[in-house]
Amino acid sequence: MLGTSEFNLCCTQALLDTGGEICAMISMPEDARPNNSADVENFAKSNGIPYHDIENINSSQSLKLLSSYSTDYIFVSWPKILKEKILEIPINYCIGTHPTDIPFNRGRHPLHWLIALGISETKLSFLRMDKGVDTGDIILQVPFSISPDDLIGDVVNKMNTAAYEGTVRLHEKLLTNPSYSGIKQNHTLANYWRKRTPHDIVIDLRMSSDFILRTVQSFTLPYPCAKLIFENNVIKIISASPVHVEMRHEQIRRLEPGRIISINNNTIRVKVDDRIIALECVGKIPEMLLKAKYIHPPSKYISEHDIKLF
């Protein structure tokens, strides 16, 4: 089992619960792990599974370690790309996953994009890994849904539930047919999502309310949160919601995007493209914002103050 996340633990637990034999669990050293990584070492030790730290999965040291185990499959949820020499180690093949309806929506940060784009139905795809990115043959798919109110943590939990269910089903399938090779993808239908950057989670109040709400939901805790920029302040937004006010529709339409309606405690009520929304901030709201009438587009503040988003 190669992985650093809770997802990896769910798949491992599913194998343990169905009588699967696990040769070893491998994660990264603590200082090299991505944000929101799980304690794989403690899980492995509590279940009597050999554990190893590897920072460079494609190194000669890694190749030697993995080859020392006579394993039928390597289950991969590793945050970096594996080279072909690693993929060739198991007797059968390496099993990878991607939480979209492959061949659609291959690529980076799929859960964040699913929420931000308002996609409500997806699948956790189990793949026979090859040297491409999310291009391998499909060996199993488990559907799951994303509701309009789901935050990124909710979607992660749904994916992890699908991971457990899918691993149970996959184990049963491979016990019956160990060399099952899956179904080839129609590569002509494929698209790739790009890497999301901090610029993708900066709120521009000229956006529609739906898009702002989805942007906030896609990157709220335990992730670093969407950002609202005012003057030289980068303000973390933990939640966003529509606001019903005692104003006629035509009055609201006449308000410019960015017009501040009110600020109470750590919540800013502000006009966006199509309505008024409430933005809940993390921490204290800057004093100068409490006296402001408008929040301008972020490009104004970035150009004036040389703001660093990273």
# chains A, B, ... in the order shown; residues from 1 in each chain; ligands from 1
$ select_by_dssp --residues "range 170-260 of chain A" --states "helix (DSSP H, G or I)" --output "PyMOL selection string"
chain A and resi 170-176+187-189+198-201+209-217+249-254
$ residues_around --residues "Val282 in chain A" --least-positions-apart "6" --cutoff "10 Å" --atoms "only C-alpha atoms" --output "list in words"
Cys225, Ile235, Lys236, Ile237, Ile238, Ser239, Asn266 and Thr267 of chain A
$ write_last_selection --atoms "C-alpha atoms" --output "short mmCIF file (atom, residue, chain, number, x, y, z; two decimals), in the first residue's frame"
data_model
loop_
_atom_site.label_atom_id
_atom_site.label_comp_id
_atom_site.auth_asym_id
_atom_site.auth_seq_id
_atom_site.Cartn_x
_atom_site.Cartn_y
_atom_site.Cartn_z
CA CYS A 225 -9.62 28.56 2.62
CA ILE A 235 -8.67 37.55 4.42
CA LYS A 236 -9.52 33.85 4.78
CA ILE A 237 -13.17 33.01 4.07
CA ILE A 238 -14.42 29.92 5.87
CA SER A 239 -18.02 29.94 4.63
CA ASN A 266 -16.62 38.34 11.57
CA THR A 267 -19.25 38.30 8.80
#
$ select_by_dssp --residues "range 14-262 of chain A" --states "strand (DSSP E or B)" --output "PyMOL selection string"
chain A and resi 25-27+51-53+73-77+93-98+106-107+121-128+137-145+183+192-193+202+226-230+233-242+259-262
$ atom_distance --atom1 "CA of Glu121 in chain A" --atom2 "CA of Phe219 in chain A"
18.9 Å
$ residues_around --residues "range 52-66 of chain A" --least-positions-apart "5" --cutoff "8 Å" --atoms "only C-alpha atoms" --output "PyMOL selection string"
chain A and resi 24-29+32+41+82-83+85-86+89
$ write_last_selection --atoms "C-alpha atoms" --output "PDB file, in the first residue's frame"
ATOM      1  CA  ALA A  24       3.727  -3.438   3.776  1.00  0.00           C
ATOM      2  CA  MET A  25       2.498   0.125   4.060  1.00  0.00           C
ATOM      3  CA  ILE A  26       4.665   2.934   2.713  1.00  0.00           C
ATOM      4  CA  SER A  27       4.312   6.662   3.306  1.00  0.00           C
ATOM      5  CA  MET A  28       6.587   9.724   3.185  1.00  0.00           C
ATOM      6  CA  PRO A  29       8.738  11.125   5.989  1.00  0.00           C
ATOM      7  CA  ALA A  32       7.741  15.683   3.176  1.00  0.00           C
ATOM      8  CA  GLU A  41       2.860   4.612  10.462  1.00  0.00           C
ATOM      9  CA  LEU A  82       5.443   6.694 -10.413  1.00  0.00           C
ATOM     10  CA  LYS A  83       7.916   5.831 -13.151  1.00  0.00           C
ATOM     11  CA  LYS A  85      10.234   0.737 -13.369  1.00  0.00           C
ATOM     12  CA  ILE A  86       8.074   0.935 -10.231  1.00  0.00           C
ATOM     13  CA  ILE A  89       7.367  -4.536  -9.813  1.00  0.00           C
TER      14      ILE A  89
END
$ closest_residue --among "A:Ile277, A:Glu304, A:Ile201, A:Ser68" --to "Ile252 in chain A" --atoms "only C-alpha atoms"
A:Ile277
$ residues_around --residues "Thr71 in chain A" --least-positions-apart "5" --cutoff "9 Å" --atoms "only C-alpha atoms" --output "ChimeraX atom specification"
/A:22-23,66,89-92
$ closest_atom_pairs --of "range 148-245 of chain A" --to "range 127-144 of chain A" --cutoff "12 Å" --atoms "only C-alpha atoms" --output "CSV"
residue,atom,partner,partner_atom,distance
A:Asp154,CA,A:Phe144,CA,11.7
A:Val155,CA,A:Phe144,CA,9.1
A:Val156,CA,A:Phe144,CA,10.9
A:Asn157,CA,A:Phe144,CA,10.6
A:Lys158,CA,A:Phe144,CA,6.9
A:Met159,CA,A:Phe144,CA,7.3
A:Asn160,CA,A:Phe144,CA,10.3
A:Thr161,CA,A:Phe144,CA,9.0
A:Ala162,CA,A:Val142,CA,6.1
A:Ala163,CA,A:Val142,CA,8.1
A:Tyr164,CA,A:Val142,CA,10.1
A:Glu165,CA,A:Val142,CA,7.8
A:Gly166,CA,A:Val142,CA,6.1
A:Thr167,CA,A:Leu140,CA,9.2
A:Val168,CA,A:Leu140,CA,11.0
A:Arg169,CA,A:Leu140,CA,8.4
A:Leu170,CA,A:Leu140,CA,6.9
A:His171,CA,A:Leu140,CA,10.7
A:Glu172,CA,A:Leu140,CA,11.5
A:Lys173,CA,A:Ile139,CA,9.3
A:Leu174,CA,A:Ile139,CA,9.7
A:Asn177,CA,A:Ile139,CA,11.5
A:Pro178,CA,A:Ile139,CA,11.6
A:Ser179,CA,A:Arg128,CA,10.8
A:Tyr180,CA,A:Ile139,CA,7.7
A:Ser181,CA,A:Ile139,CA,6.8
A:Gly182,CA,A:Ile139,CA,4.2
A:Ile183,CA,A:Ile138,CA,5.0
A:Lys184,CA,A:Asp137,CA,4.5
A:Gln185,CA,A:Asp137,CA,6.0
A:Asn186,CA,A:Thr135,CA,9.4
A:His187,CA,A:Thr135,CA,7.7
A:Thr188,CA,A:Thr135,CA,11.3
A:Leu189,CA,A:Thr135,CA,11.5
A:Ala190,CA,A:Thr135,CA,9.0
A:Asn191,CA,A:Asp134,CA,10.5
A:Tyr192,CA,A:Val133,CA,9.3
A:Trp193,CA,A:Asp134,CA,11.3
$ atom_distance --atom1 "CA of Ser299 in chain A" --atom2 "CA of Glu231 in chain A"
10.4 Å
$ residues_around --residues "Asn232 in chain A" --least-positions-apart "6" --cutoff "10 Å" --atoms "only C-alpha atoms" --output "PyMOL selection string"
chain A and resi 286+301-302+304-308
$ write_last_selection --atoms "N, CA and C atoms" --output "CSV table (one decimal), in the first residue's frame"
chain,number,residue,atom,x,y,z
A,286,PRO,N,-10.1,43.4,9.3
A,286,PRO,CA,-9.2,44.6,9.4
A,286,PRO,C,-10.0,45.9,9.7
A,301,TYR,N,-6.1,45.8,-5.8
A,301,TYR,CA,-5.3,45.7,-4.5
A,301,TYR,C,-3.9,45.0,-4.8
A,302,ILE,N,-4.0,44.0,-5.6
A,302,ILE,CA,-2.8,43.2,-5.9
A,302,ILE,C,-1.8,44.1,-6.6
A,304,GLU,N,-1.6,47.4,-6.5
A,304,GLU,CA,-1.2,48.5,-5.6
A,304,GLU,C,-0.3,48.1,-4.5
A,305,HIS,N,-0.5,46.9,-4.0
A,305,HIS,CA,0.2,46.5,-2.7
A,305,HIS,C,1.2,45.4,-2.9
A,306,ASP,N,1.4,44.9,-4.1
A,306,ASP,CA,2.3,43.8,-4.3
A,306,ASP,C,2.0,42.6,-3.4
A,307,ILE,N,0.8,42.2,-3.4
A,307,ILE,CA,0.3,41.1,-2.5
A,307,ILE,C,0.8,39.8,-2.9
A,308,LYS,N,1.3,39.0,-1.9
A,308,LYS,CA,1.7,37.6,-2.2
A,308,LYS,C,0.7,36.6,-1.7
$ residues_around --residues "Ser46 in chain A" --least-positions-apart "6" --cutoff "12 Å" --atoms "only C-alpha atoms" --output "NGL selection string"
:A and (13 or 25 or 39-40)
$ atom_distance --atom1 "CA of Gly3 in chain A" --atom2 "CA of Phe75 in chain A"
8.4 Å
$ closest_residue --among "A:Asp150, A:Leu16, A:Ile229, A:Lys293" --to "Leu255 in chain A" --atoms "only C-alpha atoms"
A:Lys293
$ closest_residue --among "A:Ile261, A:Ile49, A:Leu289, A:Ile74" --to "Cys94 in chain A" --atoms "only C-alpha atoms"
A:Ile74
